[in-house]
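Asker: Structure provided below as structure tokens; questions to follow.
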Amino acid sequence: MSALYIDADACPVKEEAERVASRHKLKMYVVSNGGLRPSRNPLVENIIVSEGADIADMWIAERCGIGDVVVTGDIPLAAKCIETGAQVLRHNGERFTPANIGQQLAMRDLMADLRAANPLGAGGSGKGFTKADRSRFLDALEREIRAAKSAT
């Protein structure tokens, strides 16, 4: 049976993911360090992990596998989930795959090194999350769930 795992801290598409999971009658795990309003949907289970670096990530990575879909913006978590055979999406609908995860990890490390080398440099908050991103996410999640169901 497939499941949907949401790395919920700072996830802008929890409601959209819940709608898609409900339509497919798919169990959804919303994993966070707390502070989220729990869903009343019986298919949605809020998992609150203890505070600490990467505890939510470890919870997801230890449980996901073939036939599951994970939604995260965390590149190291995405890499771990791909290793288990799960399908992984960013919040904007972009796929993490075995073919692109190495480059994603390298770019993440490079950017961290550049920020560390220039602590006074301009630090931006990144680009905003748009309606187009939300739409791409819904379309991608629908495709990934269908593909995951056929993989099991």
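To be explicit about the labels: the chains of the structure tokens are called A, B, and onward in the order shown, and within each one the residues are counted from 1, while ligands get numbers from 1 in the order they are shown.
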May I have all residues of range 59-112 of chain A that DSSP, computed from the backbone, assigns to helix (DSSP H, G or I), given as a VMD selection string?
Answerer: chain A and resid 59 to 63 75 to 84 101 to 112
Asker: Let's have the selection written as a compact mmCIF listing (two decimals), in the first residue's frame, with N, CA, C and O atoms.
Answerer:
```txt
# COMPACT_ATOMS: atom_id res chain seq x y z
N TRP A 59 12.67 10.17 10.56
CA TRP A 59 11.41 9.44 10.71
C TRP A 59 10.88 9.05 9.32
O TRP A 59 10.48 7.92 9.09
N ILE A 60 10.89 10.01 8.42
CA ILE A 60 10.39 9.76 7.06
C ILE A 60 11.29 8.75 6.33
O ILE A 60 10.80 7.77 5.76
N ALA A 61 12.59 8.99 6.35
CA ALA A 61 13.53 8.14 5.61
C ALA A 61 13.51 6.69 6.09
O ALA A 61 13.71 5.78 5.29
N GLU A 62 13.25 6.48 7.36
CA GLU A 62 13.21 5.12 7.91
C GLU A 62 11.95 4.36 7.51
O GLU A 62 11.91 3.14 7.61
N ARG A 63 10.92 5.06 7.06
CA ARG A 63 9.64 4.41 6.80
C ARG A 63 9.22 4.37 5.34
O ARG A 63 8.43 3.52 4.94
N ILE A 75 17.10 18.47 0.45
CA ILE A 75 17.82 17.67 -0.54
C ILE A 75 18.44 16.41 0.08
O ILE A 75 18.32 15.32 -0.51
N PRO A 76 19.10 16.49 1.24
CA PRO A 76 19.62 15.24 1.83
C PRO A 76 18.51 14.24 2.15
O PRO A 76 18.69 13.03 1.95
N LEU A 77 17.37 14.71 2.63
CA LEU A 77 16.24 13.80 2.87
C LEU A 77 15.79 13.18 1.55
O LEU A 77 15.53 11.98 1.47
N ALA A 78 15.69 13.99 0.51
CA ALA A 78 15.29 13.48 -0.80
C ALA A 78 16.22 12.36 -1.25
O ALA A 78 15.78 11.32 -1.74
N ALA A 79 17.52 12.54 -1.05
CA ALA A 79 18.50 11.52 -1.45
C ALA A 79 18.27 10.22 -0.69
O ALA A 79 18.29 9.14 -1.28
N LYS A 80 18.02 10.31 0.61
CA LYS A 80 17.76 9.11 1.41
C LYS A 80 16.50 8.40 0.95
O LYS A 80 16.45 7.17 0.88
N CYS A 81 15.47 9.17 0.64
CA CYS A 81 14.20 8.57 0.21
C CYS A 81 14.31 7.92 -1.16
O CYS A 81 13.74 6.86 -1.40
N ILE A 82 15.07 8.54 -2.05
CA ILE A 82 15.30 7.94 -3.37
C ILE A 82 16.00 6.59 -3.21
O ILE A 82 15.67 5.63 -3.91
N GLU A 83 16.94 6.52 -2.27
CA GLU A 83 17.65 5.25 -2.04
C GLU A 83 16.70 4.13 -1.63
O GLU A 83 16.95 2.96 -1.91
N THR A 84 15.59 4.48 -0.96
CA THR A 84 14.63 3.47 -0.53
C THR A 84 13.67 3.07 -1.65
O THR A 84 12.89 2.14 -1.49
N ILE A 101 19.75 13.77 -8.34
CA ILE A 101 19.98 14.04 -6.92
C ILE A 101 21.45 14.35 -6.62
O ILE A 101 21.75 15.19 -5.77
N GLY A 102 22.37 13.71 -7.32
CA GLY A 102 23.79 14.00 -7.09
C GLY A 102 24.13 15.45 -7.39
O GLY A 102 24.82 16.12 -6.62
N GLN A 103 23.61 15.95 -8.51
CA GLN A 103 23.84 17.34 -8.88
C GLN A 103 23.17 18.28 -7.88
O GLN A 103 23.74 19.31 -7.51
N GLN A 104 21.98 17.91 -7.42
CA GLN A 104 21.27 18.74 -6.42
C GLN A 104 22.08 18.84 -5.13
O GLN A 104 22.20 19.91 -4.54
N LEU A 105 22.62 17.70 -4.67
CA LEU A 105 23.44 17.70 -3.45
C LEU A 105 24.70 18.54 -3.63
O LEU A 105 25.09 19.31 -2.75
N ALA A 106 25.34 18.40 -4.79
CA ALA A 106 26.56 19.17 -5.06
C ALA A 106 26.28 20.66 -5.09
O ALA A 106 27.04 21.47 -4.53
N MET A 107 25.18 21.05 -5.71
CA MET A 107 24.82 22.47 -5.79
C MET A 107 24.50 23.01 -4.40
O MET A 107 24.89 24.13 -4.05
N ARG A 108 23.82 22.22 -3.59
CA ARG A 108 23.50 22.62 -2.22
C ARG A 108 24.79 22.87 -1.44
O ARG A 108 24.93 23.87 -0.75
N ASP A 109 25.73 21.95 -1.55
CA ASP A 109 27.01 22.10 -0.84
C ASP A 109 27.79 23.31 -1.35
O ASP A 109 28.37 24.05 -0.56
N LEU A 110 27.79 23.52 -2.66
CA LEU A 110 28.48 24.67 -3.23
C LEU A 110 27.89 25.97 -2.71
O LEU A 110 28.62 26.88 -2.30
N MET A 111 26.58 26.06 -2.69
CA MET A 111 25.93 27.28 -2.22
C MET A 111 26.21 27.52 -0.73
O MET A 111 26.42 28.66 -0.31
N ALA A 112 26.24 26.46 0.05
CA ALA A 112 26.57 26.59 1.47
C ALA A 112 28.00 27.11 1.62
O ALA A 112 28.26 27.99 2.47
```
Asker: So that I can check the secondary structure, give me every residue of range 2-129 of chain A assigned strand (DSSP E or B) by backbone DSSP, as a list in words.
Answerer: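 Assigned to strand (DSSP E or B), within range 2-129 of chain A: Ala3, Leu4, Tyr5, Ile6, Asp7, Lys27, Met28, Tyr29, Val30, Val31, Ser32, Val44, Glu45, Asn46, Ile47, Ile48, Val69, Val70, Val71, Gln87, Val88, Leu89, Arg95 and Phe96 of chain A.
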Asker: Compile the contact shell of Arg90 in chain A as a list of chain:residue names: residues with an atom at most 7 Å away, counting only C-alpha atoms, same-chain residues fewer than 6 positions apart removed.
Answerer: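 Neighbouring residues, sequence-local ones excluded: A:Val71, A:Thr72, A:Gly73.
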Asker: At a cut-off of 12 Å, using only C-alpha atoms, what residues contact Gly128 in chain A? Leave out same-chain residues fewer than 6 positions from it and give the result as a ChimeraX atom specification.
Answerer: /A:12,91-92,134
Asker: Please, could you write that set of residues out with C-alpha atoms as an mmCIF file, in the first residue's frame?
Answerer:
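Saved to out_20.cif:
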```cif
data_model
loop_
_atom_site.group_PDB
_atom_site.id
_atom_site.type_symbol
_atom_site.label_atom_id
_atom_site.label_comp_id
_atom_site.auth_asym_id
_atom_site.auth_seq_id
_atom_site.Cartn_x
_atom_site.Cartn_y
_atom_site.Cartn_z
ATOM 1 C CA PRO A 12 3.276 25.385 1.686
ATOM 2 C CA HIS A 91 6.837 21.705 -3.041
ATOM 3 C CA ASN A 92 6.806 23.292 -6.496
ATOM 4 C CA ARG A 134 1.111 25.285 -6.501
#
```
Asker: Which residue out of A:Ala99, A:Ala148, A:Val49, A:Ala132 has the minimum interatomic distance to Ser2 in chain A when only C-alpha atoms are used?
Answerer: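 Closest to Ser2 in chain A of all the choices is A:Ala148.
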Asker: Of the candidates A:Arg136, A:Asp54, A:Lys131, A:Asp68, which shows the shortest atom-to-atom distance to Glu94 in chain A, using only C-alpha atoms?
Answerer: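 That would be A:Arg136, the residue with the smallest distance to Glu94 in chain A.
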Asker: Which of these, A:Leu36, A:Met28, A:Ile66, A:Ala117, has the shortest distance to Ala10 in chain A once you count only C-alpha atoms?
Answerer: A:Leu36
Asker: Give me the residues near Lys25 in chain A as an NGL selection string, where near means some atom within 10 Å (using only C-alpha atoms) and where sequence neighbours in that chain fewer than 5 positions away do not count.
Answerer: :A and (2-3 or 18-20 or 43)
Asker: I need the chosen residues saved as a PDB file, in the first residue's frame, with N, CA, C and O atoms.
Answerer:
```pdb
ATOM      1  N   SER A   2       0.616   2.143  -0.875  1.00  0.00           N
ATOM      2  CA  SER A   2       1.360   3.392  -0.956  1.00  0.00           C
ATOM      3  C   SER A   2       0.947   4.344   0.155  1.00  0.00           C
ATOM      4  O   SER A   2      -0.167   4.290   0.647  1.00  0.00           O
ATOM      5  N   ALA A   3       1.868   5.220   0.521  1.00  0.00           N
ATOM      6  CA  ALA A   3       1.594   6.272   1.497  1.00  0.00           C
ATOM      7  C   ALA A   3       2.239   7.558   0.994  1.00  0.00           C
ATOM      8  O   ALA A   3       3.164   7.535   0.177  1.00  0.00           O
ATOM      9  N   GLU A  18      -3.228  16.925   0.961  1.00  0.00           N
ATOM     10  CA  GLU A  18      -4.314  16.211   1.641  1.00  0.00           C
ATOM     11  C   GLU A  18      -5.492  15.969   0.698  1.00  0.00           C
ATOM     12  O   GLU A  18      -6.078  14.883   0.696  1.00  0.00           O
ATOM     13  N   ARG A  19      -5.826  16.942  -0.115  1.00  0.00           N
ATOM     14  CA  ARG A  19      -6.927  16.758  -1.075  1.00  0.00           C
ATOM     15  C   ARG A  19      -6.615  15.631  -2.060  1.00  0.00           C
ATOM     16  O   ARG A  19      -7.464  14.784  -2.341  1.00  0.00           O
ATOM     17  N   VAL A  20      -5.398  15.606  -2.576  1.00  0.00           N
ATOM     18  CA  VAL A  20      -5.024  14.567  -3.536  1.00  0.00           C
ATOM     19  C   VAL A  20      -4.987  13.203  -2.839  1.00  0.00           C
ATOM     20  O   VAL A  20      -5.494  12.206  -3.377  1.00  0.00           O
ATOM     21  N   LEU A  43      -7.577   9.843   7.114  1.00  0.00           N
ATOM     22  CA  LEU A  43      -6.447   9.348   6.328  1.00  0.00           C
ATOM     23  C   LEU A  43      -5.143  10.069   6.658  1.00  0.00           C
ATOM     24  O   LEU A  43      -4.079   9.645   6.237  1.00  0.00           O
TER      25      LEU A  43
END
```
Asker: As a ChimeraX atom specification, please: the residues near Ala56 in chain A (cut-off 7 Å, only C-alpha atoms, same-chain neighbours under 5 positions excluded).
Answerer: /A:31-33,49
Asker: Put those residues in a file: N, CA and C atoms, as an mmCIF file, in the first residue's frame.
Answerer:
```cif
data_model
loop_
_atom_site.group_PDB
_atom_site.id
_atom_site.type_symbol
_atom_site.label_atom_id
_atom_site.label_comp_id
_atom_site.auth_asym_id
_atom_site.auth_seq_id
_atom_site.Cartn_x
_atom_site.Cartn_y
_atom_site.Cartn_z
ATOM 1 N N VAL A 31 4.684 15.058 8.953
ATOM 2 C CA VAL A 31 5.738 14.911 9.958
ATOM 3 C C VAL A 31 6.369 16.273 10.246
ATOM 4 N N SER A 32 6.390 16.635 11.549
ATOM 5 C CA SER A 32 6.944 17.934 11.937
ATOM 6 C C SER A 32 7.434 17.899 13.378
ATOM 7 N N ASN A 33 8.008 19.013 13.785
ATOM 8 C CA ASN A 33 8.429 19.175 15.171
ATOM 9 C C ASN A 33 7.305 19.764 16.017
ATOM 10 N N VAL A 49 7.556 14.780 16.043
ATOM 11 C CA VAL A 49 8.813 14.184 16.499
ATOM 12 C C VAL A 49 9.465 15.127 17.497
#
```
